[in-house]
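Novice: Take this structure first; my questions come after.
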Amino acid sequence: MTATTATATAFAALHTPAAPLALANAWDVASARIVEAAGAAAVATTSAGVAWSLGAPDGDALARDRALDLIARVAAAVSVPVTADIEGGFAADPAGVGETVTGVLAAGAVGINIEDGNRAPADHADRIAAARAAAEAAGIPLFINARVDTYLFGLGEPHTRLDETLTRAAAYLRAGASGIFVPGVTDPATIAELAKGIDAPLNVLVGPGAPTVAELGALGAARVSLGSGVAEAAYAVVRRATEELLAAGTYDTLSGSLPYGELNALLKG
């Protein structure tokens, strides 16, 4: 067993409702090192945060080579497993998704998020199958976290949304997905139904007001993500600090900042 295979296997084992994998998503090397230093068992990137930090909007606008370069930098900077958000696959077709996954594995990540969005479920299943084939060719048990956007984008009628989500999840698992990510849901009853109906680790997206990690685990969730929320909060500090500086000429927004020496030390390794 290679070191990468062992890391991928260990990462998959972290997905359990008994102690859900809690991910504060990073978007650059510094945020990844902070997440690791805080005690996280793994580092996940946020596609939105990565795109924003590189000057592009979220939503398949970032060039694949720039995304892969960032993944490689993050993976090289931390000692815990890395899972990369690759949006829709940074490719026009399944074959291109396979190429992206080959690049992700070469960059050192052992997991991916890949989203269906408004794409036809059958097309997305083909993308997942291509991702799995690329991973198998590399001999690495890549954790493919297939994102189902029915709730996030309000797809279909509300009364059919649960069934549609479960149908998509089953199709994606047959295609080779390892887990299912359903953002846009924090309702305990719905999460419990999703966990019951999906024969794989369930990932949910959280933020203020959502159930706690322990509560989500009790409902059956095996993975809990902050998504782009941490990056959004960081950029909100930039705006508040600037507005305070320009309007009041004061600097209180900077209270509670990470000490320069601490942050600098994290990057010296």
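Letters A, B, ... mark the chains of the structure tokens in the order given; residue numbers begin at 1 per chain; ligand numbers begin at 1, in order shown.
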What lies within 6 Å of range 134-138 of chain A using only C-alpha atoms, ignoring chain neighbours under 2 positions off, as a list in words?
Specialist: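 Returned residues: Gly98, Thr102, Ala131, Arg132, Ile140 and Leu142 of chain A.
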Novice: Can you check which residues of range 43-253 of chain A DSSP gives as strand (DSSP E) on the backbone and send them as an NGL selection string?
Specialist: :A and (43-44 or 82-85 or 111-115 or 143-147 or 179-181 or 202-205 or 223-225)
Novice: Report as a PyMOL selection string all protein, DNA and RNA residues lying within 10 Å of range 168-185 of chain A, evaluated on only C-alpha atoms, omitting residues in the same chain fewer than 4 positions from it.
Specialist: chain A and resi 12+15+111-116+120-122+124-133+141-154+162-164+189-191+194-195+197-206+210+221-225+227
Novice: Quick one, how far is CA of Arg240 in chain A from CA of Ser47 in chain A?
Specialist: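 CA of Ser47 in chain A lies at a distance of 23.7 Å from CA of Arg240 in chain A.
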Novice: What's the 9 Å shell around Asp28 in chain A, counting only C-alpha atoms, without same-chain residues fewer than 5 positions away, as a PyMOL selection string?
Specialist: chain A and resi 33+45+49-50+53+70-71+73-74
Novice: Keeping only N, CA and C atoms, write the selected residues to a file as a PDB file, in the first residue's frame.
Specialist:
ATOM      1  N   ARG A  33      -3.111  25.859   6.648  1.00  0.00           N
ATOM      2  CA  ARG A  33      -2.215  25.629   7.790  1.00  0.00           C
ATOM      3  C   ARG A  33      -2.912  26.006   9.098  1.00  0.00           C
ATOM      4  N   THR A  45     -10.828  22.114   0.583  1.00  0.00           N
ATOM      5  CA  THR A  45     -10.852  23.432  -0.036  1.00  0.00           C
ATOM      6  C   THR A  45     -12.289  23.814  -0.375  1.00  0.00           C
ATOM      7  N   GLY A  49     -14.006  30.061  -2.365  1.00  0.00           N
ATOM      8  CA  GLY A  49     -12.890  30.774  -1.763  1.00  0.00           C
ATOM      9  C   GLY A  49     -11.642  30.717  -2.618  1.00  0.00           C
ATOM     10  N   VAL A  50     -11.374  29.555  -3.197  1.00  0.00           N
ATOM     11  CA  VAL A  50     -10.215  29.413  -4.075  1.00  0.00           C
ATOM     12  C   VAL A  50     -10.353  30.336  -5.285  1.00  0.00           C
ATOM     13  N   SER A  53      -9.936  34.013  -4.330  1.00  0.00           N
ATOM     14  CA  SER A  53      -8.559  34.369  -3.989  1.00  0.00           C
ATOM     15  C   SER A  53      -7.681  34.472  -5.229  1.00  0.00           C
ATOM     16  N   LEU A  70      -3.163  25.374  -6.993  1.00  0.00           N
ATOM     17  CA  LEU A  70      -3.544  25.703  -5.617  1.00  0.00           C
ATOM     18  C   LEU A  70      -3.680  24.442  -4.778  1.00  0.00           C
ATOM     19  N   ILE A  71      -4.305  23.401  -5.332  1.00  0.00           N
ATOM     20  CA  ILE A  71      -4.459  22.134  -4.613  1.00  0.00           C
ATOM     21  C   ILE A  71      -3.088  21.567  -4.242  1.00  0.00           C
ATOM     22  N   ARG A  73      -0.297  23.180  -3.811  1.00  0.00           N
ATOM     23  CA  ARG A  73       0.322  24.009  -2.777  1.00  0.00           C
ATOM     24  C   ARG A  73      -0.253  23.677  -1.396  1.00  0.00           C
ATOM     25  N   VAL A  74      -1.560  23.503  -1.337  1.00  0.00           N
ATOM     26  CA  VAL A  74      -2.198  23.172  -0.064  1.00  0.00           C
ATOM     27  C   VAL A  74      -1.768  21.788   0.412  1.00  0.00           C
TER      28      VAL A  74
END
Novice: Residues at most 12 Å from Ser255 in chain A, counting only C-alpha atoms, excluding those fewer than 4 positions away in the same chain, as a short mmCIF file (atom, residue, chain, number, x, y, z; two decimals) with C-alpha atoms, in the first residue's frame?
Specialist:
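Printed below is part07.cif as written:
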data_model
loop_
_atom_site.label_atom_id
_atom_site.label_comp_id
_atom_site.auth_asym_id
_atom_site.auth_seq_id
_atom_site.Cartn_x
_atom_site.Cartn_y
_atom_site.Cartn_z
CA VAL A 237 -13.44 41.56 8.05
CA ARG A 240 -15.51 46.21 7.93
CA ALA A 241 -11.91 47.21 8.68
CA THR A 250 -10.41 53.94 13.93
CA TYR A 251 -9.20 50.34 13.89
CA PRO A 259 -0.73 37.55 16.09
#
Novice: Would you compute the distance between CA of Ala67 in chain A and CA of Leu14 in chain A? Give it in Å to one decimal.
Specialist: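 If I compute the distance from CA of Ala67 in chain A to CA of Leu14 in chain A, I get 25.0 Å.
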Novice: Could you pull out the alpha helix (DSSP H) residues of range 23-223 of chain A from DSSP and send them as an NGL selection string?
Specialist: :A and (29-37 or 47-53 or 64-77 or 94-107 or 121-138 or 161-175 or 188-197 or 213-219)
Novice: Which is closer to Pro94 in chain A than all the others in A:Ala75, A:Thr4, A:Val80, A:Asp123, using only C-alpha atoms?
Specialist: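 Under the stated criterion, the closest residue is A:Asp123.
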Novice: Suppose you want the space between CA of Leu226 in chain A and CA of Asn25 in chain A; what is it in Å?
Specialist: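 Between these atoms lies a distance of 6.1 Å.
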Novice: Would you kindly return, as an MDAnalysis selection string, each protein, DNA or RNA residue with an atom no farther than 12 Å from any atom of range 265-269 of chain A, considering only C-alpha atoms and excluding same-chain residues fewer than 2 positions away?
Specialist: chainID A and resid 28:38 73:74 76:79 258:263
Novice: Name the closest residue to Ala3 in chain A among the candidates A:Val110, A:Val101, A:Leu245, A:Ala236; distances are taken between atoms, counting only C-alpha atoms.
Specialist: A:Val110
Novice: A:Gly39, A:Gly117, A:Gly59, A:Gly88: which is nearest Ala24 in chain A, counting only C-alpha atoms?
Specialist: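 Among the listed residues, A:Gly39 lies closest to Ala24 in chain A.
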